[in-house]
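**Student:** Before we start, here is the structure in question, set down as structure tokens.
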Amino acid sequence: MYSSIKPNTKFFIQVDRTHKLYIEECGNKKGVPVVYLHGGPGGSISAKNRRLFNPKKYWIILFDQRGSGKSKPSKSIINNSTNKLIDDMEKIRNFLKKRASPRNSILAILLHHAQILFILYLTSLENGR
């Protein structure tokens with residue numbers, strides 16, 4: 001594990017009428033984007049999860065899934081499914097793509113092509129499940 005780091009940015013995005021997702025960005029904004037998915041249902045991100053990736057090499061994006069952690073509403077299972085999780089990840093990608101500055105044109109291109117952008121780190125793989 002890498003040393004403890006604090007988020008560069010913390011924010012919420014509204015993904016439907018009911019749900020707001022809590023998102024953190026850490027590490028190098030010019031680095032390789034990586035999205036961390038916590039276990040679930042009922043899991044959440046933590047400071048420990050930020051330590052899984054080299055913050056000098058990666059732009060680390062962590063989020064609490066619908067009904068989990070700091071996302072709102074808490075413990076909600078309304079409109080909460082694997083397909084909604086996939087949709088939410090696409091909404092996060094689009095949100096981050098819009099925020100990419102012109103000086104980060106390479107990053108904007110990567111954000112446009114999700115198939116080469118997202119490196120998913122699944123906790124179930126970490127735990128050997």
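To be explicit about the labels: the chains of the structure tokens are called A, B, and onward in the order shown, and within each one the residues are counted from 1, while ligands get numbers from 1 in the order they are shown.
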Excluding range 41-49 of chain A and residues on its chain fewer than 5 positions from it, collect all residues at most 6 Å away from it, counting only C-alpha atoms, and give them as a PDB file with N, CA and C atoms, in the first residue's frame.
**Tutor:**
```pdb
ATOM      1  N   ASP A  64     -18.883   6.422  -3.842  1.00  0.00           N
ATOM      2  CA  ASP A  64     -19.829   5.580  -3.111  1.00  0.00           C
ATOM      3  C   ASP A  64     -21.009   5.315  -4.037  1.00  0.00           C
ATOM      4  N   SER A  68     -25.011   3.867  -0.701  1.00  0.00           N
ATOM      5  CA  SER A  68     -23.860   3.457   0.104  1.00  0.00           C
ATOM      6  C   SER A  68     -23.051   4.656   0.588  1.00  0.00           C
ATOM      7  N   GLY A  69     -22.372   4.453   1.701  1.00  0.00           N
ATOM      8  CA  GLY A  69     -21.443   5.456   2.208  1.00  0.00           C
ATOM      9  C   GLY A  69     -22.063   6.836   2.330  1.00  0.00           C
TER      10      GLY A  69
END
```
**Student:** Report as a list in words all protein, DNA and RNA residues lying within 10 Å of Thr9 in chain A, evaluated on only C-alpha atoms, omitting residues in the same chain fewer than 3 positions from it.
**Tutor:** Lys6, Ile23, Glu24, Glu25, Cys26 and Ile61 of chain A
**Student:** Considering only C-alpha atoms, state which residue in the set A:Phe63, A:Phe95, A:Tyr22, A:Tyr58 is at the smallest distance from Tyr2 in chain A.
**Tutor:**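 Checking each candidate against Tyr2 in chain A, we get A:Tyr58 as the closest.
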**Student:** Looking at only C-alpha atoms, which of A:Leu37, A:Val15, A:Met89, A:Ile5 is the one that sits closest to Lys56 in chain A?
**Tutor:** A:Ile5
**Student:** Nearest residue to Ile77 in chain A out of A:Pro33, A:Lys91, A:Leu96, A:Gly40, using only C-alpha atoms?
**Tutor:**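 With only C-alpha atoms as the atom set, the closest residue is A:Gly40.
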**Student:** Distance CA of Ser76 in chain A-CA of Val35 in chain A, one decimal place?
**Tutor:**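 Calculated distance between CA of Ser76 in chain A and CA of Val35 in chain A is 22.5 Å.
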**Student:** What does the structure give for the distance between CA of Leu62 in chain A and CA of Leu85 in chain A, in Å to one decimal?
**Tutor:**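 Atom-to-atom, CA of Leu62 in chain A and CA of Leu85 in chain A are spaced 13.2 Å apart.
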